[in-house]
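Below is the file coords_0.cif, which contains mmCIF, C-alpha atoms and all ligand atoms.
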data_input
#
loop_
_atom_site.label_atom_id
_atom_site.label_comp_id
_atom_site.auth_asym_id
_atom_site.auth_seq_id
_atom_site.Cartn_x
_atom_site.Cartn_y
_atom_site.Cartn_z
CA MET A 632 76.85 -38.02 165.80
CA GLU A 633 78.08 -39.42 169.10
CA GLU A 634 74.89 -41.47 169.53
CA MET A 635 74.89 -44.60 167.41
CA MET A 636 71.63 -46.43 166.87
CA THR A 637 71.43 -49.97 168.13
CA ALA A 638 69.76 -52.86 166.40
CA GLU A 639 67.53 -55.31 168.26
CA ARG A 640 69.67 -57.75 170.18
CA PRO A 641 69.55 -59.76 173.37
CA ALA A 642 70.58 -57.89 176.52
CA VAL A 643 74.19 -58.20 177.63
CA ASP A 644 74.83 -59.89 180.94
CA THR A 645 77.04 -57.28 182.62
CA SER A 646 77.77 -59.51 185.59
CA GLU A 647 79.97 -61.64 183.31
CA PRO A 648 83.27 -60.42 181.89
CA ALA A 649 82.78 -59.29 178.28
CA LEU A 650 85.82 -61.33 177.44
CA ALA A 651 87.44 -64.13 179.43
CA ILE A 652 90.49 -66.01 178.23
CA ARG A 653 91.41 -69.03 180.33
CA ASN A 654 94.63 -71.07 180.14
CA LEU A 655 94.75 -70.47 176.42
CA HIS A 656 97.45 -72.16 174.32
CA LYS A 657 98.22 -72.26 170.63
CA ARG A 658 100.89 -74.44 169.07
CA PHE A 659 101.70 -74.59 165.37
CA ASP A 660 103.01 -78.15 165.01
CA ASP A 661 105.33 -78.13 167.98
CA VAL A 662 106.07 -74.43 167.96
CA PRO A 663 104.32 -72.59 170.81
CA ALA A 664 102.85 -69.25 169.59
CA VAL A 665 100.59 -68.51 172.60
CA THR A 666 101.23 -70.09 176.01
CA ASP A 667 98.89 -70.18 179.02
CA VAL A 668 97.20 -66.81 178.58
CA ASN A 669 94.68 -65.73 181.25
CA ILE A 670 92.93 -62.39 180.81
CA SER A 671 89.47 -61.12 181.56
CA VAL A 672 87.95 -57.69 181.00
CA PRO A 673 84.56 -56.07 181.75
CA PRO A 674 82.11 -54.80 179.08
CA GLY A 675 83.30 -51.61 177.39
CA ALA A 676 86.99 -52.22 178.17
CA PHE A 677 89.70 -51.22 175.71
CA LEU A 678 92.26 -54.01 176.04
CA VAL A 679 95.59 -53.44 174.33
CA LEU A 680 97.92 -56.34 173.54
CA VAL A 681 101.43 -55.00 173.20
CA GLY A 682 104.78 -56.68 172.70
CA PRO A 683 107.64 -57.18 170.24
CA SER A 684 107.26 -58.77 166.82
CA GLY A 685 106.50 -62.50 166.93
CA CYS A 686 105.29 -62.56 170.55
CA GLY A 687 101.88 -63.98 169.61
CA LYS A 688 99.62 -60.91 169.47
CA SER A 689 98.00 -61.65 166.10
CA THR A 690 97.65 -65.34 166.92
CA LEU A 691 95.79 -64.47 170.13
CA LEU A 692 93.54 -62.01 168.27
CA ARG A 693 92.79 -64.54 165.54
CA MET A 694 91.71 -67.03 168.20
CA LEU A 695 89.40 -64.35 169.65
CA ALA A 696 87.97 -63.77 166.18
CA GLY A 697 87.29 -67.49 165.72
CA LEU A 698 89.70 -67.73 162.80
CA GLU A 699 92.06 -70.07 164.63
CA PRO A 700 91.16 -72.92 167.02
CA PRO A 701 93.03 -72.98 170.35
CA SER A 702 95.28 -75.97 171.16
CA ASP A 703 94.14 -75.81 174.78
CA GLY A 704 92.15 -73.60 177.16
CA GLU A 705 89.05 -71.56 176.35
CA ILE A 706 87.60 -68.20 175.35
CA ALA A 707 84.25 -66.89 176.59
CA PHE A 708 82.35 -63.80 175.42
CA GLY A 709 79.81 -62.51 177.96
CA GLY A 710 79.95 -65.81 179.84
CA LYS A 711 79.36 -67.93 176.72
CA VAL A 712 82.22 -70.20 175.65
CA VAL A 713 83.00 -69.49 171.98
CA SER A 714 86.17 -71.61 171.51
CA ASN A 715 87.96 -74.27 173.45
CA GLY A 716 90.86 -76.66 173.14
CA ARG A 717 88.66 -79.76 172.86
CA SER A 718 85.90 -78.58 170.51
CA GLY A 719 87.95 -75.95 168.66
CA VAL A 720 85.94 -73.01 167.33
CA ILE A 721 82.40 -73.41 168.69
CA HIS A 722 80.98 -70.16 167.35
CA ASN A 723 82.45 -69.15 164.04
CA ALA A 724 83.70 -65.66 163.20
CA ALA A 725 80.35 -64.46 161.85
CA SER A 726 78.22 -65.68 164.74
CA ARG A 727 80.33 -64.54 167.69
CA ASP A 728 79.34 -60.89 167.36
CA ALA A 729 82.93 -59.77 166.91
CA GLY A 730 84.29 -57.57 164.13
CA MET A 731 87.92 -57.56 163.12
CA VAL A 732 90.17 -55.01 161.40
CA PHE A 733 93.27 -56.78 160.11
CA GLN A 734 96.95 -55.83 160.10
CA SER A 735 96.63 -55.58 156.30
CA TYR A 736 93.06 -54.42 155.85
CA ALA A 737 92.38 -55.37 152.20
CA LEU A 738 89.15 -53.77 151.01
CA TRP A 739 87.24 -55.49 148.23
CA PRO A 740 88.73 -53.75 145.18
CA HIS A 741 85.72 -54.28 142.92
CA LYS A 742 83.21 -52.86 145.36
CA THR A 743 82.70 -49.16 146.03
CA VAL A 744 83.18 -47.69 149.49
CA GLU A 745 79.44 -48.09 149.99
CA GLY A 746 79.56 -51.67 148.70
CA ASN A 747 82.40 -52.52 151.06
CA ILE A 748 80.36 -51.34 154.04
CA ASP A 749 77.14 -52.94 152.79
CA TRP A 750 78.57 -56.45 152.37
CA PRO A 751 79.00 -57.43 156.05
CA LEU A 752 75.49 -56.06 156.75
CA LYS A 753 74.08 -58.27 154.00
CA VAL A 754 75.95 -61.26 155.39
CA ALA A 755 74.50 -60.51 158.82
CA GLY A 756 71.00 -60.51 157.29
CA TRP A 757 70.11 -56.82 157.67
CA LYS A 758 67.07 -55.61 155.68
CA ARG A 759 67.66 -53.26 152.74
CA GLU A 760 66.25 -50.10 154.44
CA ASP A 761 68.20 -50.78 157.64
CA ARG A 762 71.37 -51.27 155.63
CA ALA A 763 70.91 -48.01 153.75
CA ARG A 764 70.33 -46.12 157.00
CA ARG A 765 73.27 -47.75 158.71
CA ILE A 766 75.61 -47.05 155.76
CA ASP A 767 74.64 -43.34 155.83
CA GLU A 768 75.29 -43.31 159.54
CA VAL A 769 78.77 -44.85 159.55
CA LEU A 770 79.85 -42.85 156.49
CA ALA A 771 78.90 -39.66 158.33
CA PHE A 772 80.45 -40.90 161.57
CA LEU A 773 83.83 -41.48 159.88
CA ASP A 774 83.49 -38.37 157.73
CA ILE A 775 83.76 -40.23 154.41
CA SER A 776 80.26 -39.60 152.99
CA ALA A 777 81.76 -37.88 149.94
CA LEU A 778 83.65 -41.05 149.01
CA ARG A 779 80.71 -43.45 148.92
CA GLN A 780 80.76 -44.13 145.15
CA ARG A 781 84.54 -44.38 144.81
CA TYR A 782 86.57 -47.57 144.53
CA PRO A 783 89.39 -48.40 146.97
CA ALA A 784 92.04 -47.63 144.31
CA GLU A 785 90.59 -44.10 144.01
CA ILE A 786 91.04 -43.09 147.66
CA SER A 787 94.09 -42.46 149.87
CA GLY A 788 95.59 -44.91 152.37
CA GLY A 789 94.14 -43.00 155.31
CA GLN A 790 90.70 -42.99 153.69
CA GLN A 791 90.97 -46.74 153.02
CA GLN A 792 91.74 -47.18 156.69
CA ARG A 793 88.55 -45.31 157.58
CA VAL A 794 86.53 -47.47 155.20
CA ALA A 795 88.00 -50.62 156.76
CA ILE A 796 86.95 -49.38 160.19
CA ALA A 797 83.50 -48.31 158.92
CA ARG A 798 83.00 -51.75 157.40
CA THR A 799 83.90 -53.42 160.70
CA ILE A 800 81.76 -51.27 163.01
CA ALA A 801 78.74 -51.20 160.66
CA PRO A 802 77.15 -54.44 161.97
CA GLN A 803 77.60 -53.15 165.54
CA PRO A 804 79.76 -55.95 166.89
CA ARG A 805 79.85 -56.29 170.66
CA ILE A 806 83.55 -57.03 170.45
CA LEU A 807 85.85 -55.11 168.18
CA LEU A 808 89.19 -56.73 167.33
CA LEU A 809 91.85 -54.51 165.79
CA ASP A 810 95.23 -55.80 164.64
CA GLU A 811 97.66 -52.88 164.21
CA PRO A 812 95.03 -50.95 162.25
CA LEU A 813 97.20 -47.83 162.09
CA SER A 814 100.45 -49.44 160.98
CA ASN A 815 100.14 -48.31 157.36
CA LEU A 816 99.63 -44.64 158.19
CA ASP A 817 102.10 -41.77 158.43
CA ALA A 818 102.92 -40.30 161.84
CA LYS A 819 100.45 -37.41 161.71
CA LEU A 820 97.56 -39.51 160.45
CA ARG A 821 98.30 -42.14 163.09
CA VAL A 822 97.80 -39.59 165.84
CA ASP A 823 94.55 -38.35 164.25
CA MET A 824 93.22 -41.87 163.76
CA ARG A 825 94.18 -42.79 167.31
CA SER A 826 91.86 -40.04 168.60
CA GLU A 827 89.27 -41.21 166.11
CA LEU A 828 89.40 -44.77 167.41
CA ILE A 829 89.03 -43.55 170.98
CA ARG A 830 85.94 -41.59 169.85
CA ILE A 831 84.55 -44.68 168.07
CA HIS A 832 85.15 -46.76 171.15
CA ARG A 833 83.29 -44.28 173.35
CA ALA A 834 80.38 -44.01 170.94
CA THR A 835 79.93 -47.74 170.22
CA ASN A 836 80.95 -48.94 173.67
CA ALA A 837 82.06 -52.19 172.05
CA THR A 838 84.59 -54.07 174.14
CA SER A 839 87.75 -53.64 172.10
CA VAL A 840 90.94 -55.63 171.78
CA TYR A 841 93.68 -53.69 170.06
CA VAL A 842 97.03 -55.12 168.99
CA THR A 843 100.08 -52.91 168.59
CA HIS A 844 103.81 -53.05 169.12
CA ASP A 845 103.77 -49.31 169.75
CA GLN A 846 103.83 -48.73 173.50
CA VAL A 847 102.78 -45.06 173.17
CA GLU A 848 99.63 -46.15 171.35
CA ALA A 849 99.04 -48.73 174.07
CA MET A 850 99.37 -46.21 176.90
CA THR A 851 97.16 -43.60 175.18
CA MET A 852 94.22 -45.81 174.39
CA ALA A 853 94.02 -48.64 176.88
CA THR A 854 91.88 -49.25 179.91
CA HIS A 855 93.71 -52.58 180.27
CA VAL A 856 97.11 -53.60 178.89
CA ALA A 857 98.62 -57.05 178.44
CA VAL A 858 102.35 -56.96 177.75
CA MET A 859 103.25 -60.10 175.81
CA ARG A 860 106.63 -61.75 175.44
CA ALA A 861 107.37 -64.99 173.61
CA GLY A 862 103.74 -66.16 173.67
CA ARG A 863 103.08 -65.40 177.32
CA VAL A 864 101.47 -62.48 179.09
CA GLU A 865 104.32 -60.94 181.04
CA GLN A 866 102.03 -58.54 182.93
CA PHE A 867 98.36 -57.55 182.73
CA GLY A 868 96.82 -54.47 184.35
CA ALA A 869 95.78 -50.84 184.00
CA PRO A 870 98.26 -48.63 182.10
CA ASP A 871 99.34 -46.67 185.19
CA GLU A 872 99.76 -49.88 187.18
CA LEU A 873 102.17 -51.23 184.56
CA LEU A 874 104.11 -47.98 184.49
CA LEU A 875 104.32 -47.57 188.27
CA GLN A 876 104.58 -51.22 189.31
CA PRO A 877 106.37 -53.18 186.58
CA GLN A 878 106.86 -56.76 187.74
CA THR A 879 109.73 -57.54 185.38
CA THR A 880 112.63 -55.70 183.74
CA PHE A 881 111.05 -56.54 180.38
CA VAL A 882 107.94 -54.47 181.23
CA ALA A 883 110.00 -51.69 182.83
CA THR A 884 112.16 -51.29 179.74
CA PHE A 885 109.31 -51.77 177.23
CA LEU A 886 106.80 -49.22 178.54
CA GLY A 887 107.12 -45.53 179.36
CA THR A 888 108.38 -42.53 177.42
CA PRO A 889 111.26 -42.79 177.86
CA ALA A 890 111.40 -46.39 179.08
CA GLY A 891 112.89 -47.06 182.54
CA ASN A 892 116.62 -47.57 183.18
CA VAL A 893 117.56 -50.91 184.69
CA ILE A 894 120.98 -50.83 186.34
CA PRO A 895 122.77 -54.03 187.44
CA VAL A 896 124.37 -53.77 190.89
CA GLU A 897 126.68 -55.89 193.08
CA ARG A 898 126.65 -55.95 196.84
CA ALA A 899 129.73 -54.47 198.52
CA GLY A 900 129.39 -54.37 202.30
CA ASP A 901 126.05 -52.79 203.12
CA GLN A 902 125.69 -51.10 199.71
CA LEU A 903 124.59 -52.05 196.18
CA CYS A 904 127.13 -50.65 193.71
CA HIS A 905 127.42 -50.15 189.98
CA ALA A 906 130.90 -49.51 188.55
CA GLY A 907 132.14 -49.15 192.12
CA VAL A 908 129.64 -46.38 192.98
CA PRO A 909 127.33 -47.13 195.93
CA LEU A 910 123.71 -46.49 194.86
CA ALA A 911 121.39 -48.05 197.43
CA PRO A 912 121.34 -50.02 200.71
CA ALA A 913 122.06 -53.74 200.33
CA ALA A 914 118.83 -54.53 202.19
CA LEU A 915 116.87 -53.65 199.03
CA ALA A 916 118.23 -56.82 197.40
CA GLY A 917 116.96 -58.98 200.27
CA GLY A 918 120.26 -60.75 200.98
CA ARG A 919 121.22 -61.33 197.34
CA SER A 920 124.76 -60.54 196.21
CA SER A 921 123.51 -58.91 193.02
CA ALA A 922 120.32 -57.32 191.71
CA GLN A 923 118.98 -54.73 189.23
CA LEU A 924 117.63 -51.30 190.16
CA LEU A 925 114.91 -49.37 188.30
CA TYR A 926 115.65 -45.69 187.76
CA ARG A 927 113.21 -43.64 185.73
CA ALA A 928 114.70 -40.93 183.51
CA GLN A 929 113.51 -38.26 185.95
CA ASP A 930 115.46 -40.02 188.75
CA ILE A 931 118.77 -39.35 186.99
CA THR A 932 120.07 -35.87 186.19
CA ILE A 933 123.06 -34.49 184.35
CA GLY A 934 125.62 -32.80 186.61
CA ARG A 935 126.76 -33.23 190.19
CA ARG A 936 124.15 -32.98 192.94
CA GLU A 937 125.24 -32.62 196.55
CA GLY A 938 124.38 -35.66 198.68
CA CYS A 939 123.53 -37.88 195.70
CA PRO A 940 125.53 -40.76 194.21
CA VAL A 941 127.47 -39.45 191.18
CA MET A 942 128.89 -41.49 188.29
CA PRO A 943 131.02 -40.54 185.29
CA ALA A 944 129.37 -41.15 181.91
CA SER A 945 129.83 -40.21 178.28
CA TYR A 946 127.26 -38.13 176.40
CA THR A 947 125.50 -39.71 173.41
CA GLU A 948 122.54 -37.55 172.38
CA SER A 949 119.79 -35.32 173.65
CA SER A 950 116.28 -34.35 172.56
CA PRO A 951 114.19 -31.45 173.87
CA ILE A 952 110.94 -32.40 175.59
CA ALA A 953 108.55 -30.00 177.35
CA GLY A 954 111.22 -27.45 178.33
CA GLN A 955 113.73 -30.09 179.47
CA SER A 956 116.23 -32.30 177.70
CA MET A 957 116.08 -36.06 177.56
CA VAL A 958 119.73 -37.07 177.50
CA THR A 959 121.15 -40.45 176.54
CA CYS A 960 124.59 -41.34 177.89
CA MET A 961 126.75 -44.41 178.39
CA VAL A 962 128.25 -45.78 181.58
CA GLY A 963 130.57 -48.43 180.15
CA ASP A 964 128.27 -50.58 177.98
CA LEU A 965 125.15 -49.48 179.82
CA ARG A 966 122.92 -46.96 178.01
CA LEU A 967 121.01 -44.66 180.36
CA THR A 968 118.38 -41.97 179.83
CA ALA A 969 118.54 -38.96 182.13
CA MET A 970 116.83 -35.58 182.26
CA ALA A 971 118.53 -32.17 182.27
CA ASP A 972 116.99 -28.74 182.84
CA GLY A 973 116.57 -26.50 179.81
CA PHE A 974 118.34 -27.19 176.55
CA PHE A 975 121.35 -29.46 177.15
CA ARG A 976 123.80 -30.40 174.41
CA ALA A 977 127.39 -31.71 174.43
CA ALA A 978 129.84 -33.11 171.89
CA SER A 979 129.33 -36.78 171.11
CA GLY A 980 131.37 -38.85 173.59
CA ALA A 981 132.02 -35.87 175.91
CA PRO A 982 132.45 -36.79 179.59
CA VAL A 983 129.49 -35.86 181.81
CA GLU A 984 128.61 -36.57 185.41
CA ILE A 985 125.25 -38.04 186.28
CA SER A 986 123.56 -37.91 189.69
CA PHE A 987 121.03 -40.40 191.03
CA LEU A 988 118.35 -38.34 192.73
CA ARG A 989 116.48 -40.98 194.70
CA THR A 990 116.71 -44.49 196.05
CA PRO A 991 114.88 -46.85 193.71
CA ASP A 992 111.60 -48.26 194.97
CA ILE A 993 111.63 -51.13 192.49
CA VAL A 994 114.34 -53.79 192.53
CA PHE A 995 114.62 -56.87 190.33
CA ASP A 996 116.61 -60.08 190.78
CA ASP A 997 119.19 -61.20 188.22
CA ASP A 998 116.47 -62.98 186.21
CA GLY A 999 114.52 -59.73 185.87
CA ASN A 1000 111.71 -60.54 188.33
CA ARG A 1001 110.69 -57.95 190.87
CA ILE A 1002 111.89 -58.60 194.41
CA ALA A 1003 108.93 -58.33 196.79
CA ARG A 1004 109.52 -56.32 199.94
N1 LIG B 1 100.13 -70.19 160.66
C1 LIG B 1 101.28 -70.29 161.33
N2 LIG B 1 102.06 -71.39 161.25
C2 LIG B 1 103.21 -71.51 161.94
N3 LIG B 1 103.68 -70.57 162.79
C3 LIG B 1 102.96 -69.45 162.92
C4 LIG B 1 101.74 -69.24 162.20
N4 LIG B 1 101.24 -68.02 162.56
C5 LIG B 1 102.12 -67.50 163.43
N5 LIG B 1 103.15 -68.34 163.66
C6 LIG B 1 104.28 -68.12 164.58
O1 LIG B 1 103.76 -67.81 165.85
C7 LIG B 1 104.50 -66.77 166.47
C8 LIG B 1 103.60 -65.59 166.81
O2 LIG B 1 103.18 -64.97 165.61
P1 LIG B 1 102.20 -63.73 165.60
O3 LIG B 1 101.83 -63.44 164.19
O4 LIG B 1 101.08 -64.00 166.53
O5 LIG B 1 103.13 -62.57 166.19
P2 LIG B 1 102.83 -61.01 166.41
O6 LIG B 1 103.04 -60.74 167.85
O7 LIG B 1 101.51 -60.66 165.82
O8 LIG B 1 104.02 -60.31 165.60
P3 LIG B 1 104.02 -58.94 164.70
O9 LIG B 1 104.14 -57.81 165.68
O10 LIG B 1 105.26 -59.11 163.87
O11 LIG B 1 102.77 -58.92 163.87
C9 LIG B 1 105.63 -66.44 165.51
O12 LIG B 1 106.76 -67.15 165.90
C10 LIG B 1 105.10 -66.92 164.18
O13 LIG B 1 106.15 -67.26 163.31
MG MG B 2 100.92 -59.43 164.19
#

Could you render the structure as structure tokens?
Ligand SMILES: Nc1ncnc2c1ncn2[C@@H]1O[C@H](COP(=O)(O)OP(=O)(O)OP(=O)(O)O)[C@@H](O)[C@H]1O
Ligand SMILES: [Mg+2]
Amino acid sequence: MEEMMTAERPAVDTSEPALAIRNLHKRFDDVPAVTDVNISVPPGAFLVLVGPSGCGKSTLLRMLAGLEPPSDGEIAFGGKVVSNGRSGVIHNAASRDAGMVFQSYALWPHKTVEGNIDWPLKVAGWKREDRARRIDEVLAFLDISALRQRYPAEISGGQQQRVAIARTIAPQPRILLLDEPLSNLDAKLRVDMRSELIRIHRATNATSVYVTHDQVEAMTMATHVAVMRAGRVEQFGAPDELLLQPQTTFVATFLGTPAGNVIPVERAGDQLCHAGVPLAPAALAGGRSSAQLLYRAQDITIGRREGCPVMPASYTESSPIAGQSMVTCMVGDLRLTAMADGFFRAASGAPVEISFLRTPDIVFDDDGNRIAR
């Protein structure tokens, strides 16, 4: 069932971005929730908004859905402005061809599974025969046909999640907005549903905006990622671009499994040193007396390596990963993640030596912004 039928609708103008957000702001009274966001993605993109709790992800999504008017700036779908700071919401939630799955996805408790899926089709004015056909189709697509006559209280959390998704994709929205739709699921089901959502995205080809604070989810699913921090987009790009070229320490330490190590250094002569150990040439800091170096876990190893800078550390913990060990250790107050070959374990607090295998290619200033070279 990879092919989904499509209802009659005007052609999409593919020369326009499916979604364009320009200078968008949202203030609640005087509290800024979203500040000067600029993002645009092509049709069929899977945009992930990721960031810590309270950074403005849901507020941004609610503006995209037309549930919240912007304080300033504008949003366009396929070249058509749907909200702006002067007129507020121009096209309401129902008419902007966007479907939303909420952080808490309450189903209608007094409607059956079938009734839950039927309702948005009715609202959108679908004819009875088309609705019946479409309901059969999405039930089969999400593998919940057997549940059609049950009520939400009579099905599991994971099944409710599927119904919520079925209900949202049934009217074939061009834009699918998902706010942490997997947050109520256990770890195993999350992974299954993640694959399921990728499959749905491929089959429907709806441009999707997906909110999560889980960076692994972000990196698995996205074609485009916006890392948000305190209402602003800290960095926007393809997942590999964000991993390989983080522009701030916030992005470097938020993304990646494990996240990058950021090590503060001071200039001493022609070297940049941490805890008195020379790590890199001073030229990397572009004349500054201090800076921060990005070392990925695979750039640091446990044990002494000839010709590499070595630093004493104390062992904290280790977890096996793909035949190696991911080891956490402390250098003073600084927590670092290193890799060791095979299965490495030590007593908590035991002294270890760590070696820095390569000169960092990414250097940040004291404020956490990347130093251009
Ligand atoms: N209706 C509202 N009135 C006042 N402040 C609000 C309102 N909605 C959100 N905020 C504030 O705006 C900021 C962003 O909230 P938002 O819900 O967008 O965060 P989030 O990134 O989705 O967080 P989480 O990951 O916890 O869901 C927060 O400081 C929040 O308290
Ligand atoms: Mg939220």

Please tabulate, as CSV, the residues of region 854-893 of chain A that come within 10 Å of region 671-690 of chain A, each with its closest pair of atoms and the distance in Å to one decimal, counting only C-alpha atoms and ordering rows by chain, then residue number upward.
residue,atom,partner,partner_atom,distance
A:Thr854,CA,A:Phe677,CA,5.1
A:His855,CA,A:Leu678,CA,4.7
A:Val856,CA,A:Val679,CA,4.8
A:Ala857,CA,A:Leu680,CA,5.0
A:Val858,CA,A:Val681,CA,5.0
A:Met859,CA,A:Gly682,CA,4.9
A:Arg860,CA,A:Cys686,CA,5.1
A:Ala861,CA,A:Cys686,CA,4.4
A:Gly862,CA,A:Gly687,CA,5.0
A:Arg863,CA,A:Cys686,CA,7.7
A:Val864,CA,A:Leu680,CA,9.0
A:Glu865,CA,A:Gly682,CA,9.4
A:Phe867,CA,A:Leu680,CA,9.3
A:Gly868,CA,A:Leu678,CA,9.5
A:Ala869,CA,A:Leu678,CA,9.3
A:Pro870,CA,A:Val679,CA,9.5
A:Phe881,CA,A:Gly682,CA,9.9
A:Val882,CA,A:Gly682,CA,9.4
A:Phe885,CA,A:Gly682,CA,8.1
A:Leu886,CA,A:Val681,CA,9.5

Got time to write the residues from that selection, C-alpha atoms, as a PDB file, in the coordinates of the input?
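Once written, result22.pdb looks like this:
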ATOM      1  CA  THR A 854      91.880 -49.250 179.910  1.00  0.00           C
ATOM      2  CA  HIS A 855      93.710 -52.580 180.270  1.00  0.00           C
ATOM      3  CA  VAL A 856      97.110 -53.600 178.890  1.00  0.00           C
ATOM      4  CA  ALA A 857      98.620 -57.050 178.440  1.00  0.00           C
ATOM      5  CA  VAL A 858     102.350 -56.960 177.750  1.00  0.00           C
ATOM      6  CA  MET A 859     103.250 -60.100 175.810  1.00  0.00           C
ATOM      7  CA  ARG A 860     106.630 -61.750 175.440  1.00  0.00           C
ATOM      8  CA  ALA A 861     107.370 -64.990 173.610  1.00  0.00           C
ATOM      9  CA  GLY A 862     103.740 -66.160 173.670  1.00  0.00           C
ATOM     10  CA  ARG A 863     103.080 -65.400 177.320  1.00  0.00           C
ATOM     11  CA  VAL A 864     101.470 -62.480 179.090  1.00  0.00           C
ATOM     12  CA  GLU A 865     104.320 -60.940 181.040  1.00  0.00           C
ATOM     13  CA  PHE A 867      98.360 -57.550 182.730  1.00  0.00           C
ATOM     14  CA  GLY A 868      96.820 -54.470 184.350  1.00  0.00           C
ATOM     15  CA  ALA A 869      95.780 -50.840 184.000  1.00  0.00           C
ATOM     16  CA  PRO A 870      98.260 -48.630 182.100  1.00  0.00           C
ATOM     17  CA  PHE A 881     111.050 -56.540 180.380  1.00  0.00           C
ATOM     18  CA  VAL A 882     107.940 -54.470 181.230  1.00  0.00           C
ATOM     19  CA  PHE A 885     109.310 -51.770 177.230  1.00  0.00           C
ATOM     20  CA  LEU A 886     106.800 -49.220 178.540  1.00  0.00           C
TER      21      LEU A 886
END

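Our summary of the geometry notes that CA of Arg1001 (chain A) is positioned 9.9 Å from CA of Leu925 (chain A).
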
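The coordinates place atom O12 of ligand LIG 1 (chain B) at 26.0 Å from CA of His722 (chain A).
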
Point out the residue among A:Val668, A:Ala696, A:Ala707, A:Val822 with the least atom-to-atom distance to Val847 (chain A), counting all atoms listed in the file.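 Checking each candidate against Val847 (chain A), we get A:Val822 as the closest.
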
Quote the spacing between CA of Gly980 (chain A) and CA of Arg927 (chain A) in Å to one decimal place. 22.4 Å

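Among the candidates A:Gly788, A:Lys753, A:Gln846, A:Asp817, the residue lying nearest to ligand LIG 1 (chain B) is A:Gln846 (atoms considered: all atoms listed in the file).
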
Would you please work out which residue, of A:Leu695, A:Leu809, A:Ala724, A:Val713, is nearest to ligand MG 2 (chain B) when using all atoms listed in the file?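 When distances to ligand MG 2 (chain B) are compared using all atoms listed in the file, the smallest one comes from A:Leu809.
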
Nearest-residue call for ligand MG 2 (chain B), choices A:Ala797, A:Leu692, A:Leu650, A:Ile670, using only C-alpha atoms and all ligand atoms: A:Leu692

Could you list as an MDAnalysis selection string every residue that has an atom within 7 Å of (122.1, -50.3, 181.6), using the file's coordinates and counting only C-alpha atoms? chainID A and resid 892:895 965:967

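Excluding Leu915 (chain A) and any residue on its chain fewer than 4 positions from it, the residues at most 10 Å away by all atoms listed in the file are Gln902, Leu903, Ala911, Arg919, Ala922, Leu924, Thr990, Pro991, Asp992, Ile993, Val994, Phe995, Ile1002, Ala1003 and Arg1004 of chain A.
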
Close residues, Ile933 (chain A) itself excluded, 12 Å, all atoms listed in the file, min 3 positions apart in chain, as number ranges by chain: A: 928-930, 936, 939-946, 949, 955-960, 967-977, 982-988

Of the candidates A:Gly697, A:Gly704, A:Gly756, A:Pro663, which one gets nearest to Ala651 (chain A) if we count all atoms listed in the file?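 The shortest atom-to-atom distance to Ala651 (chain A) comes from A:Gly704.
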
Pick from A:Tyr782, A:Phe708, A:Trp757, A:Phe659: nearest to ligand LIG 1 (chain B), with all atoms listed in the file counted?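 So, comparing all the options, the nearest one is A:Phe659.
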
Extract, using all atoms listed in the file, all DNA, RNA and protein residues at most 12 Å from Ile796 (chain A), discarding same-chain residues fewer than 3 positions from it, and format them as a compact mmCIF listing (two decimals) with C-alpha atoms, in the coordinates of the input.
# COMPACT_ATOMS: atom_id res chain seq x y z
CA GLY A 730 84.29 -57.57 164.13
CA MET A 731 87.92 -57.56 163.12
CA VAL A 732 90.17 -55.01 161.40
CA PHE A 733 93.27 -56.78 160.11
CA GLN A 734 96.95 -55.83 160.10
CA TYR A 736 93.06 -54.42 155.85
CA ALA A 737 92.38 -55.37 152.20
CA LEU A 738 89.15 -53.77 151.01
CA VAL A 744 83.18 -47.69 149.49
CA ASN A 747 82.40 -52.52 151.06
CA ILE A 748 80.36 -51.34 154.04
CA VAL A 769 78.77 -44.85 159.55
CA LEU A 770 79.85 -42.85 156.49
CA PHE A 772 80.45 -40.90 161.57
CA LEU A 773 83.83 -41.48 159.88
CA ASP A 774 83.49 -38.37 157.73
CA ILE A 775 83.76 -40.23 154.41
CA GLY A 789 94.14 -43.00 155.31
CA GLN A 790 90.70 -42.99 153.69
CA GLN A 791 90.97 -46.74 153.02
CA GLN A 792 91.74 -47.18 156.69
CA ARG A 793 88.55 -45.31 157.58
CA THR A 799 83.90 -53.42 160.70
CA ILE A 800 81.76 -51.27 163.01
CA ALA A 801 78.74 -51.20 160.66
CA PRO A 802 77.15 -54.44 161.97
CA GLN A 803 77.60 -53.15 165.54
CA PRO A 804 79.76 -55.95 166.89
CA LEU A 807 85.85 -55.11 168.18
CA LEU A 808 89.19 -56.73 167.33
CA LEU A 809 91.85 -54.51 165.79
CA ASP A 810 95.23 -55.80 164.64
CA GLU A 811 97.66 -52.88 164.21
CA PRO A 812 95.03 -50.95 162.25
CA LEU A 813 97.20 -47.83 162.09
CA MET A 824 93.22 -41.87 163.76
CA GLU A 827 89.27 -41.21 166.11
CA LEU A 828 89.40 -44.77 167.41
CA ILE A 831 84.55 -44.68 168.07
CA HIS A 832 85.15 -46.76 171.15

With a distance cut-off of 12 Å and only C-alpha atoms, select the neighbouring residues of Lys742 (chain A), excluding the residue or stretch itself and same-chain residues fewer than 6 positions from it, and output the selection as a ChimeraX atom specification. /A:748-750,779-785,794

Distance query Asn1000 (chain A) at most 7 Å, only C-alpha atoms, self and fewer than 3 positions along chain excluded, as a PyMOL selection string: chain A and resi 878-880+995-996

Mind working out the centre and edge lengths of an axis-aligned box for region 939-955 of chain A, all listed atoms inside, 5 Å added to each side, rounded to one decimal in Å and written as JSON?
{"center_x": 119.8, "center_y": -34.5, "center_z": 184.0, "size_x": 32.5, "size_y": 24.0, "size_z": 33.3}
